[in-house]
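The block underneath contains the structure these notes are about, expressed in structure tokens.
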Amino acid sequence: MLEALKEQPADKILSLMAAYRADPRDDKIDLGVGVYKDPQGRTPVMRAVKAAEKRIWERQETKAYTGLAGDPAYCDAMVALVLGGAVARDRVAAVATPGGTGAVRQAVDLVKQAAPGATIWLSNPTWPNHPSIIRHLGMTSAEYRYFDSATGGVDVEGMLEDLRGAAEGDVVLLHGCCHNPTGANLTEAEWDRVIAVLQERGLIPLIDIAYQGFGDGLDADAAATRKVAGAMPESLIAASCSKNFGIYRERTGILMAIARDEGGATLAQGNLNHLNRQNYSFPPDHGARVVATILTDDELRADWQAELEEVRSTMLELRRQLAGELARLTNSDRYAFIAEHRGMFSRLGLPPEIVETLRKDHGVYMVGDSRINIAGLNTDTVPLLAKAIVAAGG
Ligand code: PMP
């Protein structure tokens, strides 16, 4: 039987990580995988996470199963963190999931149960796991224009035009903030225009928010999600705690389904529980318990927010420095968008030959579409990267 399996394509980012590890050069720079790194290149456990884990270790008396939706305290705390009261709590069904990936997967599975014929619209480009999960579940996706490579910003007119072509009941996947892989995001006024098209066309938003707190701040980064959820009769929201709590390997995420009314939410909750049951039964608990412990304790929460704010401002400062260096070296503002982008990533818009030259001649590793992880830099390596980009012909 097993020999009948088809070979699966290698994950590009994981292959890039392996190539980086095998490179003997001391001055190599890893801008590949999407993990936050501090200026020393470490991905530390956040202080509040350590403190919460200690508290859990001291106080936890059982590891018996939780409910199918996970720990209710976690779901409540995350609904509040993401939605900030934008929607009445009794309209929100929520389940803990294994990471944001699990939330996206469960969201697509839920769409499949409710509307198997719906097309799920994805930004071009998007996180590669979006189309692959949709394909894996036998659903259909389509693309809307998003990134404008000429400006490094969003092609809003193209995006709206494409979304106007969606059929009623189709699902539109939107990145709540810090778009991956481009770093380019809609302005508040542009979000209003997107919402108007969603309403006009009767489309269902599916918001993937994996970087809340990495862009402009915890509330600012959730503002668009809250606005969409507040304006639409129904929305799906997949959130991840991997980045903003630094608990990547604990697999902590949540899927929220916002229904028209309480009855709709009860029905959705039953279906979300059922999907958890079919796919893995109870969701992982440790990371969720850490998050709930932090969010429900004033001191831990304040410390977490302070550390998250350091992470955010470090990345923002690196963006400004890199945009500044490139402006100086190219004597132009063509890389000014790097300072405008938000989150961990920026797509530089370099052709594959230059990406390859950067790797071969300069030991700079970035994803083939020229996405860089800003957190892979520090104040010493920014000038080196800028010089390498210009030397490679960028
Ligand atoms: N959505 C997007 C857009 C992401 O970039 C990521 C992380 N790479 C995720 C979801 C999910 O991350 P995780 O499963 O690690 O929580």
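So you can find residues: chains in the structure tokens are A, B, ... in the order shown, residues in each start at 1, and ligands are numbered from 1 in order.
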Cut-off 6 Å: closest chain A/ligand 1 atom pairs per residue, using only C-alpha atoms and all ligand atoms, as a Markdown table:
```
| residue | atom | partner | partner_atom_place_in_ligand_line | distance |
| --- | --- | --- | --- | --- |
| A:Gly99 | CA | ligand 1 | 16 (O) | 3.6 |
| A:Gly100 | CA | ligand 1 | 16 (O) | 3.6 |
| A:Thr101 | CA | ligand 1 | 14 (O) | 3.6 |
| A:Trp127 | CA | ligand 1 | 3 (C) | 5.2 |
| A:Asn180 | CA | ligand 1 | 3 (C) | 5.2 |
| A:Asp208 | CA | ligand 1 | 1 (N) | 5.7 |
| A:Ala210 | CA | ligand 1 | 1 (N) | 5.1 |
| A:Ser240 | CA | ligand 1 | 16 (O) | 4.4 |
| A:Ser242 | CA | ligand 1 | 16 (O) | 4.6 |
| A:Tyr248 | CA | ligand 1 | 15 (O) | 5.5 |
| A:Gly253 | CA | ligand 1 | 16 (O) | 5.9 |
```
inquiry  = Residues near A:Leu160, anyone? I mean within 9 Å using only C-alpha atoms, not counting same-chain ones fewer than 5 positions away, as a PyMOL selection string.
reply    = chain A and resi 144-145+155+165+193-194+197
For A:Ile207, the nearest of the candidates A:Leu174, A:Leu186, A:Ala220, A:Ala257, counting only C-alpha atoms =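 Checking each of A:Leu174, A:Leu186, A:Ala220, A:Ala257 against A:Ile207, counting only C-alpha atoms, the winner is A:Leu174.
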remark   = A:Pro98 proximity check over A:Lys12, A:Arg251, A:Arg55, A:Arg21, using only C-alpha atoms: winner is A:Arg251
query = Looking at A:Tyr335, A:Tyr36, A:Tyr74, A:Tyr211, which one is nearest to A:Ala292, with distances taken over only C-alpha atoms?
reply =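 Closest residue, counting only C-alpha atoms: A:Tyr74.
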